[in-house]
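Below is one structure, written out as structure tokens; the observations come after it.
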Amino acid sequence: MNRWDETWHRLREWTNGQGPSERLAALLLDAEGYAGIDPSHPLGGRDAKKDAVAFKHGDRWTMAAYFPRGQQPFHPIRDKFVSDQTGVSANSAVGMAFVTNQELSLAERKQLEDAVDTPVDIFHLERVTTILDRPGMASVRHQFLGIDAPGAASSPTPRSFREVLDAMPVTRGAPDHWMLYDGMLLFRVGVTLVAPDPRHPAAANPRSMLKEASEEAAVVSAAWPANTSLLARRLDEGWESISAHIWGAGRIFDRVELLVEKPSAAVACDTRSSALVMDRTWATRIQDDAGGFAFHAAREAEIAAELLVALKLAGGLMADLGGLDGIDIAIQIAAAPSGRTLVSSERAVSGGRFGSPAGHLPKPVQADVDSHYSDTARVPLDDVLDPFRAAERLLGPWLATFRSDDLLRRLRPPG
């Protein structure tokens with residue numbers, strides 16, 4: 001029978017070696033809200049003074065894992081910490097997450113922080129133990145420490161990006177399978193539940209539930225400039241029945257010539273499965289005064305705004321559901337035509353955080369970025385009720401491609 005502090009003992013007497021420790025450390029960062037985690041060489045190889053890179057609040061961080069067997073004297077821990085911290089500047093990062101199975105007193109943690117000149121996030125033995133003993137970390141605890149939760153049912157396997165989106169209803173006007181057209185930027189968010197009974201208790205008459213959730217979603221954008229969120233405007237126009245158990249607000253244009261000329265937004269909810277999808281398009285063929293093509297715009301501020309509204313809507317719809325083990329969220333950002341160079345609208349056009357660029361650039365500043373981005377995550381309901389936490393995890397790596405500031409923090413309402 002396991003001791004009540006079995007996790008602590010097995011971490012302290014770590015015998016699994018370096019590779020598993022780096023993979024465990026990456027999962028611990030994921031559990032604490034880091035995004036875009038990219039391990040170096042857990043199985044051995046030159047790692048350029050980092051075991052992984054990750055993003056925190058849009059900033060690039062390095063990760064270092066130190067898991068010796070048994071408690072070590074403080075001096076070698078400090079030497080390892082200082083040596084690993086040199087990877088911060090070497091990898092153009094702002095700080096380091098140091099993950100270790102070592103006991104560190106408050107005074108020792110302070111000494112480590114004072115020994116370097118960049119931000120650090122120290123995952124010491126007690127903190128690592130607390131994270132791994134969370135109910136949601138049972139599978140990680142079993143994989144790396146061989147500890148089974150007594151009588152616990154196995155957690156459902158997280159669904160892939162494709163599986164989450166395939167489970168979504170179709171918004172009005174949108175094709176079952178999206179085709180991307182020249183001059184269109186598509187942003188899609190899909191939300192499905194991990195629950196024994198996904199049917200919403202208000203499925204028989206969901207109008208009041210949909211209206212209340214829409215009003216909650218509007219709160220997140222209350223302090224933004226007028227008309228920032230087209231999705232919020234469509235929600236305010238009200239929901240209509242699309243088919244049995246499927247309700248929608250807004251509409252996506254079903255003609256190509258309209259898709260590439262006008263922005264559109266739509267949302268659909270299937271009350272049988274409590275699945276939710278939001279589709280948003282922008283016309284990205286920005287023209288100059290003569291009507292000629294100027295540049296593509298990847299409207300990162302507007303995309304972040306629409307994601308926050310969609311997450312707030314999902315939280316409002318799902319807050320009262322019982323037996324909820326988690327929520328699978330997938331996002332897709334795709335620009336057409338594939339492979340073209342995109343330009344951030346905020347970098348390319350001065351003035352204003354939101355809205356279509358008011359002018360053009362004679363010599364556009366171009367940034368080479370991936371024209372397609374997708375990510376999926378399983379998050380607890382609390383993170384959806386506070387959508388900024390989930391947004392950072394899902395959108396942070398994409399935003400970091402364009403920006404060095406913390407856009408999501410600037411979007412958060414004051415107070």
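FYI, nothing fancy with the structure tokens labels: chains A, B, ... in order, residues from 1 per chain, ligands from 1 as they appear.
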Stretch 178-195 of chain A environment, 7 Å, only C-alpha atoms, sequence neighbours closer than 2 positions dropped, as JSON, numbers by chain: {"A": [164, 165, 168, 175, 176, 197, 198, 259, 260, 274, 275, 276, 277, 278, 279, 280, 281, 282, 283, 284, 285, 323, 324, 325, 326, 327, 328, 329, 330, 331, 332, 333, 334, 335, 336, 337]}
Expected file contents, prior selection, N, CA and C atoms, as a short mmCIF file (atom, residue, chain, number, x, y, z; two decimals), in the first residue's frame:
```cif
data_model
loop_
_atom_site.label_atom_id
_atom_site.label_comp_id
_atom_site.auth_asym_id
_atom_site.auth_seq_id
_atom_site.Cartn_x
_atom_site.Cartn_y
_atom_site.Cartn_z
N VAL A 164 -11.58 16.84 -32.29
CA VAL A 164 -12.39 17.87 -31.64
C VAL A 164 -13.20 18.63 -32.68
N LEU A 165 -12.54 19.07 -33.76
CA LEU A 165 -13.25 19.84 -34.77
C LEU A 165 -14.28 19.00 -35.51
N MET A 168 -17.76 19.01 -34.01
CA MET A 168 -18.47 20.28 -33.91
C MET A 168 -19.69 20.32 -34.82
N PRO A 175 -19.24 25.69 -44.88
CA PRO A 175 -19.19 24.34 -45.46
C PRO A 175 -18.81 23.31 -44.41
N ASP A 176 -19.20 22.07 -44.64
CA ASP A 176 -18.81 21.00 -43.72
C ASP A 176 -17.29 20.90 -43.62
N ASP A 197 -22.09 12.47 -19.23
CA ASP A 197 -23.32 12.80 -19.95
C ASP A 197 -23.20 14.21 -20.49
N PRO A 198 -22.83 14.37 -21.77
CA PRO A 198 -22.59 15.70 -22.30
C PRO A 198 -23.86 16.50 -22.61
N LEU A 259 -16.90 35.99 -49.14
CA LEU A 259 -15.94 35.60 -48.10
C LEU A 259 -14.66 36.41 -48.18
N VAL A 260 -14.22 36.73 -49.39
CA VAL A 260 -12.95 37.42 -49.54
C VAL A 260 -13.12 38.94 -49.54
N SER A 274 -23.36 19.30 -26.06
CA SER A 274 -22.77 20.52 -25.50
C SER A 274 -21.51 20.93 -26.26
N ALA A 275 -21.48 20.62 -27.56
CA ALA A 275 -20.35 21.02 -28.41
C ALA A 275 -20.62 22.41 -28.95
N LEU A 276 -19.56 23.20 -29.07
CA LEU A 276 -19.68 24.58 -29.51
C LEU A 276 -18.60 24.86 -30.55
N VAL A 277 -18.97 25.60 -31.60
CA VAL A 277 -17.99 25.99 -32.61
C VAL A 277 -18.19 27.46 -32.94
N MET A 278 -17.09 28.16 -33.15
CA MET A 278 -17.13 29.55 -33.60
C MET A 278 -16.27 29.67 -34.84
N ASP A 279 -16.83 30.25 -35.89
CA ASP A 279 -16.11 30.52 -37.13
C ASP A 279 -16.04 32.03 -37.34
N ARG A 280 -14.87 32.50 -37.73
CA ARG A 280 -14.68 33.94 -37.98
C ARG A 280 -13.79 34.09 -39.19
N THR A 281 -14.18 34.94 -40.12
CA THR A 281 -13.36 35.19 -41.30
C THR A 281 -13.09 36.68 -41.44
N TRP A 282 -11.95 36.99 -42.08
CA TRP A 282 -11.59 38.35 -42.42
C TRP A 282 -11.18 38.39 -43.89
N ALA A 283 -11.50 39.47 -44.55
CA ALA A 283 -10.93 39.71 -45.87
C ALA A 283 -9.53 40.25 -45.68
N THR A 284 -8.54 39.55 -46.18
CA THR A 284 -7.15 39.93 -45.92
C THR A 284 -6.44 40.51 -47.12
N ARG A 285 -7.15 40.68 -48.22
CA ARG A 285 -6.51 41.33 -49.38
C ARG A 285 -6.65 42.83 -49.21
N GLY A 323 -20.46 16.64 -13.23
CA GLY A 323 -19.60 15.53 -13.65
C GLY A 323 -18.63 15.87 -14.75
N LEU A 324 -18.24 17.13 -14.83
CA LEU A 324 -17.37 17.57 -15.91
C LEU A 324 -15.91 17.31 -15.57
N ASP A 325 -15.25 16.46 -16.37
CA ASP A 325 -13.85 16.12 -16.12
C ASP A 325 -12.89 17.07 -16.81
N GLY A 326 -13.35 17.77 -17.80
CA GLY A 326 -12.49 18.68 -18.54
C GLY A 326 -13.16 19.13 -19.81
N ILE A 327 -12.52 20.01 -20.53
CA ILE A 327 -13.04 20.53 -21.78
C ILE A 327 -11.93 20.48 -22.81
N ASP A 328 -12.21 19.89 -23.96
CA ASP A 328 -11.25 19.86 -25.07
C ASP A 328 -11.51 21.05 -25.97
N ILE A 329 -10.47 21.83 -26.21
CA ILE A 329 -10.59 23.02 -27.05
C ILE A 329 -9.57 22.91 -28.18
N ALA A 330 -10.02 23.17 -29.41
CA ALA A 330 -9.12 23.19 -30.56
C ALA A 330 -9.28 24.53 -31.27
N ILE A 331 -8.17 25.09 -31.73
CA ILE A 331 -8.24 26.31 -32.52
C ILE A 331 -7.50 26.10 -33.83
N GLN A 332 -7.99 26.76 -34.85
CA GLN A 332 -7.39 26.67 -36.17
C GLN A 332 -7.32 28.08 -36.76
N ILE A 333 -6.14 28.47 -37.21
CA ILE A 333 -5.95 29.73 -37.91
C ILE A 333 -5.36 29.40 -39.27
N ALA A 334 -6.03 29.80 -40.32
CA ALA A 334 -5.55 29.45 -41.65
C ALA A 334 -5.72 30.64 -42.58
N ALA A 335 -4.69 30.96 -43.31
CA ALA A 335 -4.73 32.07 -44.26
C ALA A 335 -4.55 31.53 -45.66
N ALA A 336 -5.25 32.11 -46.61
CA ALA A 336 -5.14 31.71 -47.99
C ALA A 336 -4.57 32.87 -48.81
N PRO A 337 -3.83 32.58 -49.83
CA PRO A 337 -3.43 31.26 -50.28
C PRO A 337 -2.30 30.68 -49.43
#
```
Backbone-only DSSP, helix (DSSP H, G or I) members of stretch 87-313 of chain A, as a PyMOL selection string: chain A and resi 87-90+106-114+125-132+135-145+161-166+207-220+230-236+256-259+300-313
Spatial neighbours of A:Ile122, max dist 7 Å, only C-alpha atoms, sep filter under 3 positions, as a VMD selection string: chain A and resid 97 to 99
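Nearest to A:Thr118 of all the residues A:Ala213, A:Val379, A:Ala93, A:Leu24 is A:Ala93, based on only C-alpha atoms.
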How close does each residue of stretch 15-93 of chain A get to stretch 383-405 of chain A, giving the shortest atom pair and distance in Å to one decimal for every residue with an atom at most 12 Å away, counting only C-alpha atoms, sorted by chain and residue number, as a tab-separated table?
```
residue	atom	partner	partner_atom	distance
A:Leu29	CA	A:Arg393	CA	10.9
A:Asp30	CA	A:Arg393	CA	8.4
A:Ala31	CA	A:Arg393	CA	10.1
A:Glu32	CA	A:Arg393	CA	9.8
A:Gly33	CA	A:Arg393	CA	6.1
A:Tyr34	CA	A:Arg393	CA	6.4
A:Ala35	CA	A:Arg393	CA	4.8
A:Gly36	CA	A:Pro397	CA	5.3
A:Ile37	CA	A:Pro397	CA	8.9
A:Asp38	CA	A:Pro397	CA	10.6
A:Val53	CA	A:Pro397	CA	10.9
A:Ala54	CA	A:Pro397	CA	8.4
A:Phe55	CA	A:Pro397	CA	6.4
A:Lys56	CA	A:Gly396	CA	7.5
A:His57	CA	A:Glu392	CA	6.3
A:Gly58	CA	A:Gly396	CA	5.0
A:Asp59	CA	A:Ala400	CA	6.9
A:Arg60	CA	A:Ala400	CA	8.0
A:Trp61	CA	A:Pro397	CA	11.5
A:Ser92	CA	A:Ser404	CA	11.8
A:Ala93	CA	A:Ser404	CA	11.2
```
Only all heavy atoms, please: the residues just picked out, written as a compact mmCIF listing (two decimals), in the first residue's frame.
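Saved the output as part_34.txt:
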```
# COMPACT_ATOMS: atom_id res chain seq x y z
N LEU A 29 5.39 21.93 -16.64
CA LEU A 29 5.21 23.27 -17.17
C LEU A 29 3.86 23.42 -17.85
O LEU A 29 3.17 24.44 -17.69
CB LEU A 29 6.33 23.60 -18.17
CG LEU A 29 7.53 24.39 -17.61
CD1 LEU A 29 8.24 23.63 -16.51
CD2 LEU A 29 8.51 24.73 -18.73
N ASP A 30 3.46 22.41 -18.60
CA ASP A 30 2.15 22.45 -19.25
C ASP A 30 1.03 22.59 -18.22
O ASP A 30 0.10 23.37 -18.41
CB ASP A 30 1.95 21.18 -20.08
CG ASP A 30 0.60 21.14 -20.76
OD1 ASP A 30 0.44 21.83 -21.79
OD2 ASP A 30 -0.31 20.44 -20.26
N ALA A 31 1.15 21.85 -17.11
CA ALA A 31 0.13 21.91 -16.07
C ALA A 31 0.06 23.28 -15.40
O ALA A 31 -0.97 23.67 -14.86
CB ALA A 31 0.40 20.84 -15.01
N GLU A 32 1.17 24.03 -15.44
CA GLU A 32 1.22 25.34 -14.82
C GLU A 32 1.00 26.48 -15.81
O GLU A 32 1.30 27.64 -15.50
CB GLU A 32 2.56 25.53 -14.11
CG GLU A 32 2.71 24.66 -12.87
CD GLU A 32 1.69 25.03 -11.79
OE1 GLU A 32 1.95 25.96 -11.01
OE2 GLU A 32 0.61 24.39 -11.75
N GLY A 33 0.51 26.16 -17.00
CA GLY A 33 0.08 27.20 -17.93
C GLY A 33 1.08 27.63 -18.97
O GLY A 33 0.79 28.55 -19.75
N TYR A 34 2.25 27.00 -19.03
CA TYR A 34 3.18 27.31 -20.11
C TYR A 34 2.62 26.77 -21.43
O TYR A 34 1.90 25.77 -21.44
CB TYR A 34 4.54 26.70 -19.85
CG TYR A 34 5.37 27.42 -18.80
CD1 TYR A 34 5.11 27.24 -17.44
CD2 TYR A 34 6.40 28.27 -19.16
CE1 TYR A 34 5.86 27.89 -16.46
CE2 TYR A 34 7.18 28.92 -18.19
CZ TYR A 34 6.89 28.72 -16.85
OH TYR A 34 7.63 29.38 -15.90
N ALA A 35 2.96 27.43 -22.52
CA ALA A 35 2.42 27.05 -23.82
C ALA A 35 3.55 26.81 -24.81
O ALA A 35 4.70 27.23 -24.59
CB ALA A 35 1.48 28.15 -24.35
N GLY A 36 3.22 26.14 -25.92
CA GLY A 36 4.19 25.94 -26.99
C GLY A 36 5.46 25.27 -26.55
O GLY A 36 6.55 25.60 -27.03
N ILE A 37 5.37 24.28 -25.66
CA ILE A 37 6.55 23.63 -25.09
C ILE A 37 7.25 22.80 -26.16
O ILE A 37 6.62 21.93 -26.79
CB ILE A 37 6.16 22.76 -23.88
CG1 ILE A 37 5.50 23.64 -22.81
CG2 ILE A 37 7.38 22.04 -23.31
CD1 ILE A 37 4.82 22.85 -21.72
N ASP A 38 8.53 23.04 -26.36
CA ASP A 38 9.30 22.37 -27.41
C ASP A 38 10.56 21.76 -26.81
O ASP A 38 11.58 22.44 -26.64
CB ASP A 38 9.66 23.38 -28.50
CG ASP A 38 10.33 22.73 -29.70
OD1 ASP A 38 10.34 21.48 -29.78
OD2 ASP A 38 10.86 23.47 -30.56
N VAL A 53 12.21 24.80 -24.72
CA VAL A 53 11.75 26.19 -24.71
C VAL A 53 10.23 26.17 -24.57
O VAL A 53 9.57 25.22 -24.98
CB VAL A 53 12.16 26.96 -25.97
CG1 VAL A 53 13.66 27.11 -26.05
CG2 VAL A 53 11.62 26.29 -27.22
N ALA A 54 9.68 27.23 -24.00
CA ALA A 54 8.24 27.33 -23.80
C ALA A 54 7.88 28.81 -23.76
O ALA A 54 8.76 29.68 -23.70
CB ALA A 54 7.82 26.63 -22.51
N PHE A 55 6.59 29.08 -23.79
CA PHE A 55 6.11 30.46 -23.76
C PHE A 55 5.24 30.69 -22.53
O PHE A 55 4.40 29.87 -22.18
CB PHE A 55 5.32 30.79 -25.03
CG PHE A 55 6.18 30.86 -26.25
CD1 PHE A 55 6.41 29.71 -27.01
CD2 PHE A 55 6.78 32.04 -26.64
CE1 PHE A 55 7.21 29.76 -28.14
CE2 PHE A 55 7.59 32.09 -27.76
CZ PHE A 55 7.80 30.95 -28.51
N LYS A 56 5.48 31.82 -21.88
CA LYS A 56 4.72 32.22 -20.70
C LYS A 56 4.30 33.67 -20.88
O LYS A 56 5.16 34.56 -21.03
CB LYS A 56 5.60 32.07 -19.45
CG LYS A 56 4.94 32.48 -18.14
CD LYS A 56 5.91 32.30 -16.98
CE LYS A 56 5.30 32.70 -15.66
NZ LYS A 56 6.27 32.58 -14.54
N HIS A 57 2.98 33.91 -20.91
CA HIS A 57 2.45 35.25 -21.17
C HIS A 57 3.02 35.83 -22.46
O HIS A 57 3.30 37.02 -22.56
CB HIS A 57 2.75 36.20 -20.01
CG HIS A 57 2.22 35.72 -18.69
ND1 HIS A 57 0.91 35.30 -18.52
CD2 HIS A 57 2.81 35.58 -17.47
CE1 HIS A 57 0.73 34.94 -17.26
NE2 HIS A 57 1.87 35.09 -16.62
N GLY A 58 3.21 34.96 -23.45
CA GLY A 58 3.72 35.40 -24.74
C GLY A 58 5.22 35.53 -24.83
O GLY A 58 5.76 35.79 -25.92
N ASP A 59 5.93 35.37 -23.71
CA ASP A 59 7.39 35.50 -23.71
C ASP A 59 8.05 34.11 -23.80
O ASP A 59 7.53 33.12 -23.29
CB ASP A 59 7.87 36.19 -22.42
CG ASP A 59 7.45 37.64 -22.37
OD1 ASP A 59 7.40 38.28 -23.43
OD2 ASP A 59 7.14 38.13 -21.27
N ARG A 60 9.22 34.09 -24.41
CA ARG A 60 9.98 32.85 -24.59
C ARG A 60 10.80 32.56 -23.32
O ARG A 60 11.51 33.43 -22.81
CB ARG A 60 10.91 33.01 -25.80
CG ARG A 60 11.76 31.79 -26.15
CD ARG A 60 12.64 32.16 -27.34
NE ARG A 60 13.56 31.12 -27.71
CZ ARG A 60 13.31 30.17 -28.61
NH1 ARG A 60 12.15 30.16 -29.24
NH2 ARG A 60 14.21 29.26 -28.91
N TRP A 61 10.69 31.33 -22.80
CA TRP A 61 11.43 30.87 -21.63
C TRP A 61 12.20 29.60 -21.98
O TRP A 61 11.80 28.85 -22.87
CB TRP A 61 10.49 30.58 -20.46
CG TRP A 61 9.96 31.80 -19.76
CD1 TRP A 61 9.23 32.81 -20.30
CD2 TRP A 61 10.13 32.13 -18.37
NE1 TRP A 61 8.93 33.75 -19.36
CE2 TRP A 61 9.47 33.36 -18.16
CE3 TRP A 61 10.75 31.51 -17.30
CZ2 TRP A 61 9.42 33.97 -16.92
CZ3 TRP A 61 10.72 32.12 -16.06
CH2 TRP A 61 10.06 33.34 -15.87
N SER A 92 17.75 33.59 -26.68
CA SER A 92 16.89 34.77 -26.85
C SER A 92 15.61 34.67 -26.03
O SER A 92 14.52 34.99 -26.51
CB SER A 92 16.55 34.97 -28.34
OG SER A 92 17.72 35.12 -29.11
N ALA A 93 15.75 34.19 -24.79
CA ALA A 93 14.61 34.05 -23.89
C ALA A 93 14.64 35.13 -22.83
O ALA A 93 15.62 35.89 -22.71
CB ALA A 93 14.63 32.66 -23.25
```
Give me the residues within 12 Å of A:Ala265 as a short mmCIF file (atom, residue, chain, number, x, y, z; two decimals) with N, CA, C and O atoms, in the first residue's frame, counting only C-alpha atoms and dropping any in the same chain fewer than 2 places off.
```
data_model
loop_
_atom_site.label_atom_id
_atom_site.label_comp_id
_atom_site.auth_asym_id
_atom_site.auth_seq_id
_atom_site.Cartn_x
_atom_site.Cartn_y
_atom_site.Cartn_z
N THR A 171 -21.69 25.83 -38.47
CA THR A 171 -22.35 27.14 -38.39
C THR A 171 -23.11 27.42 -39.68
O THR A 171 -22.81 26.86 -40.74
N ARG A 172 -24.10 28.31 -39.58
CA ARG A 172 -24.91 28.62 -40.75
C ARG A 172 -24.08 29.25 -41.85
O ARG A 172 -23.32 30.19 -41.62
N GLY A 173 -24.19 28.69 -43.03
CA GLY A 173 -23.47 29.20 -44.18
C GLY A 173 -22.11 28.57 -44.39
O GLY A 173 -21.56 28.64 -45.48
N ALA A 174 -21.55 27.97 -43.34
CA ALA A 174 -20.20 27.41 -43.45
C ALA A 174 -20.25 26.02 -44.09
O ALA A 174 -21.19 25.26 -43.87
N LEU A 185 -8.84 35.07 -44.29
CA LEU A 185 -8.24 34.53 -43.07
C LEU A 185 -9.34 33.89 -42.26
O LEU A 185 -10.37 34.51 -41.97
N LEU A 186 -9.17 32.61 -41.91
CA LEU A 186 -10.18 31.85 -41.16
C LEU A 186 -9.68 31.58 -39.75
O LEU A 186 -8.54 31.17 -39.56
N PHE A 187 -10.53 31.80 -38.78
CA PHE A 187 -10.23 31.46 -37.39
C PHE A 187 -11.40 30.63 -36.87
O PHE A 187 -12.54 31.07 -36.91
N ARG A 188 -11.10 29.43 -36.40
CA ARG A 188 -12.15 28.52 -35.92
C ARG A 188 -11.79 28.02 -34.53
O ARG A 188 -10.64 27.67 -34.26
N VAL A 189 -12.77 28.01 -33.64
CA VAL A 189 -12.61 27.50 -32.28
C VAL A 189 -13.65 26.41 -32.06
O VAL A 189 -14.84 26.63 -32.30
N SER A 229 -15.38 43.13 -31.45
CA SER A 229 -15.71 41.73 -31.64
C SER A 229 -16.96 41.59 -32.50
O SER A 229 -18.07 41.92 -32.06
N LEU A 230 -16.78 41.10 -33.71
CA LEU A 230 -17.93 40.82 -34.56
C LEU A 230 -18.74 39.66 -33.98
O LEU A 230 -19.97 39.63 -34.11
N LEU A 231 -18.06 38.73 -33.33
CA LEU A 231 -18.76 37.61 -32.71
C LEU A 231 -19.72 38.10 -31.62
O LEU A 231 -20.87 37.65 -31.54
N ALA A 232 -19.27 39.04 -30.78
CA ALA A 232 -20.14 39.57 -29.74
C ALA A 232 -21.35 40.27 -30.35
O ALA A 232 -22.47 40.16 -29.82
N ARG A 233 -21.18 40.96 -31.45
CA ARG A 233 -22.32 41.60 -32.12
C ARG A 233 -23.30 40.57 -32.64
O ARG A 233 -24.52 40.74 -32.54
N ARG A 234 -22.81 39.48 -33.19
CA ARG A 234 -23.70 38.44 -33.70
C ARG A 234 -24.45 37.76 -32.55
O ARG A 234 -25.63 37.40 -32.68
N LEU A 235 -23.80 37.57 -31.43
CA LEU A 235 -24.48 36.99 -30.27
C LEU A 235 -25.59 37.91 -29.78
O LEU A 235 -26.66 37.46 -29.36
N GLU A 237 -27.39 39.75 -31.54
CA GLU A 237 -28.53 39.67 -32.46
C GLU A 237 -29.46 38.50 -32.14
O GLU A 237 -30.59 38.46 -32.63
N GLY A 248 -27.85 28.46 -33.51
CA GLY A 248 -26.77 29.27 -34.03
C GLY A 248 -27.06 30.76 -33.98
O GLY A 248 -28.21 31.19 -33.89
N ALA A 249 -25.99 31.54 -34.01
CA ALA A 249 -26.08 33.00 -34.10
C ALA A 249 -25.09 33.45 -35.16
O ALA A 249 -23.99 32.90 -35.27
N GLY A 250 -25.47 34.45 -35.95
CA GLY A 250 -24.61 34.91 -37.02
C GLY A 250 -24.63 33.99 -38.21
O GLY A 250 -25.35 32.98 -38.24
N ARG A 251 -23.83 34.32 -39.19
CA ARG A 251 -23.79 33.52 -40.41
C ARG A 251 -22.46 33.72 -41.13
O ARG A 251 -21.91 34.83 -41.13
N ILE A 252 -21.96 32.66 -41.73
CA ILE A 252 -20.78 32.73 -42.58
C ILE A 252 -21.24 32.82 -44.03
O ILE A 252 -22.18 32.15 -44.43
N PHE A 253 -20.58 33.67 -44.81
CA PHE A 253 -20.97 33.79 -46.21
C PHE A 253 -20.68 32.49 -46.95
O PHE A 253 -19.60 31.90 -46.80
N ASP A 254 -21.64 32.04 -47.74
CA ASP A 254 -21.45 30.79 -48.49
C ASP A 254 -21.05 31.03 -49.94
O ASP A 254 -20.97 30.10 -50.72
N LEU A 259 -16.90 35.99 -49.14
CA LEU A 259 -15.94 35.60 -48.10
C LEU A 259 -14.66 36.41 -48.18
O LEU A 259 -14.06 36.74 -47.17
N LYS A 262 -15.85 40.55 -47.33
CA LYS A 262 -16.50 41.02 -46.12
C LYS A 262 -16.18 40.10 -44.94
O LYS A 262 -16.12 38.89 -45.11
N PRO A 263 -16.02 40.66 -43.75
CA PRO A 263 -15.82 39.81 -42.56
C PRO A 263 -17.13 39.14 -42.17
O PRO A 263 -18.22 39.67 -42.40
N VAL A 267 -21.63 31.29 -34.80
CA VAL A 267 -21.40 30.33 -33.72
C VAL A 267 -22.55 29.34 -33.74
O VAL A 267 -23.68 29.67 -34.12
N ALA A 268 -22.26 28.10 -33.38
CA ALA A 268 -23.29 27.07 -33.31
C ALA A 268 -23.08 26.23 -32.06
O ALA A 268 -21.94 25.99 -31.65
N VAL A 277 -18.97 25.60 -31.60
CA VAL A 277 -17.99 25.99 -32.61
C VAL A 277 -18.19 27.46 -32.94
O VAL A 277 -19.32 27.96 -32.97
N MET A 278 -17.09 28.16 -33.15
CA MET A 278 -17.13 29.55 -33.60
C MET A 278 -16.27 29.67 -34.84
O MET A 278 -15.13 29.22 -34.87
N ASP A 279 -16.83 30.25 -35.89
CA ASP A 279 -16.11 30.52 -37.13
C ASP A 279 -16.04 32.03 -37.34
O ASP A 279 -17.04 32.74 -37.16
N ARG A 280 -14.87 32.50 -37.73
CA ARG A 280 -14.68 33.94 -37.98
C ARG A 280 -13.79 34.09 -39.19
O ARG A 280 -12.75 33.42 -39.31
N THR A 281 -14.18 34.94 -40.12
CA THR A 281 -13.36 35.19 -41.30
C THR A 281 -13.09 36.68 -41.44
O THR A 281 -13.87 37.52 -40.99
N TRP A 282 -11.95 36.99 -42.08
CA TRP A 282 -11.59 38.35 -42.42
C TRP A 282 -11.18 38.39 -43.89
O TRP A 282 -10.56 37.44 -44.38
N ILE A 303 -8.01 38.42 -33.55
CA ILE A 303 -8.13 36.99 -33.33
C ILE A 303 -8.14 36.68 -31.83
O ILE A 303 -8.94 35.88 -31.34
N GLU A 306 -11.54 37.63 -30.41
CA GLU A 306 -12.62 36.70 -30.72
C GLU A 306 -12.47 35.39 -29.94
O GLU A 306 -13.46 34.78 -29.53
N LEU A 307 -11.23 34.95 -29.71
CA LEU A 307 -11.02 33.75 -28.90
C LEU A 307 -11.52 33.97 -27.48
O LEU A 307 -12.18 33.10 -26.90
N VAL A 309 -13.86 36.01 -26.41
CA VAL A 309 -15.32 36.03 -26.39
C VAL A 309 -15.87 34.61 -26.52
O VAL A 309 -16.81 34.21 -25.82
N ALA A 310 -15.26 33.80 -27.43
CA ALA A 310 -15.73 32.43 -27.61
C ALA A 310 -15.53 31.60 -26.34
O ALA A 310 -16.39 30.80 -25.97
#
```
Please provide as a compact mmCIF listing (two decimals) with N, CA, C and O atoms, in the first residue's frame all residues within 6 Å of A:Thr271, with the sequence filter that same-chain residues fewer than 5 positions apart are discarded (counting only C-alpha atoms).
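Printed below is selection-v8.txt as written:
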```txt
# COMPACT_ATOMS: atom_id res chain seq x y z
N ARG A 199 -25.02 15.85 -22.60
CA ARG A 199 -26.25 16.58 -22.93
C ARG A 199 -26.48 17.69 -21.93
O ARG A 199 -26.39 17.50 -20.71
N HIS A 200 -26.79 18.87 -22.43
CA HIS A 200 -27.01 20.01 -21.56
C HIS A 200 -28.38 19.89 -20.88
O HIS A 200 -29.36 19.53 -21.53
N ALA A 203 -31.32 21.41 -22.66
CA ALA A 203 -31.43 21.06 -24.07
C ALA A 203 -32.85 21.20 -24.60
O ALA A 203 -33.06 21.57 -25.76
N HIS A 245 -31.87 20.37 -31.99
CA HIS A 245 -30.85 20.47 -30.95
C HIS A 245 -29.65 21.35 -31.33
O HIS A 245 -28.71 21.46 -30.54
```
Within 6 Å of A:Leu125 using only C-alpha atoms, minus same-chain residues under 5 positions, as an MDAnalysis selection string: chainID A and resid 101:103
With N, CA and C atoms retained, write the just-selected residues as a short mmCIF file (atom, residue, chain, number, x, y, z; two decimals), in the first residue's frame.
```cif
data_model
loop_
_atom_site.label_atom_id
_atom_site.label_comp_id
_atom_site.auth_asym_id
_atom_site.auth_seq_id
_atom_site.Cartn_x
_atom_site.Cartn_y
_atom_site.Cartn_z
N ASN A 101 13.96 17.80 -8.43
CA ASN A 101 13.40 16.97 -7.36
C ASN A 101 14.07 17.26 -6.02
N GLN A 102 14.76 18.38 -5.92
CA GLN A 102 15.50 18.72 -4.72
C GLN A 102 14.66 19.58 -3.75
N GLU A 103 14.82 19.31 -2.47
CA GLU A 103 14.20 20.16 -1.45
C GLU A 103 14.96 21.49 -1.40
#
```
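Atom to atom, atom CA of A:Trp8 and atom CA of A:Asp133 stand 9.4 Å apart.
Excluding A:Phe144 itself and same-chain residues fewer than 6 positions from it, the residues having an atom within 12 Å of it are A:Thr7, A:Arg10, A:Leu11, A:Trp14, A:Thr15, A:Asn16, A:Gly17, A:Gly19, A:Pro20, A:Ser21, A:Glu22, A:Arg23, A:Leu24, A:Ala25, A:Leu27, A:Leu28, A:Leu132, A:Met137, A:Ala138, counting only C-alpha atoms.
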Secondary structure check, strand (DSSP E or B) residues of stretch 41-256 of chain A, as an MDAnalysis selection string: chainID A and resid 52:56 59:66 69 95:100 120:123 184:194 240:243 246:251
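One distance worth recording is that between atom CA of A:Ile242 and atom CA of A:Pro206, which is 12.9 Å.
Across the structure, atom CA of A:Asp114 and atom CA of A:Val82 are spaced 10.4 Å apart.
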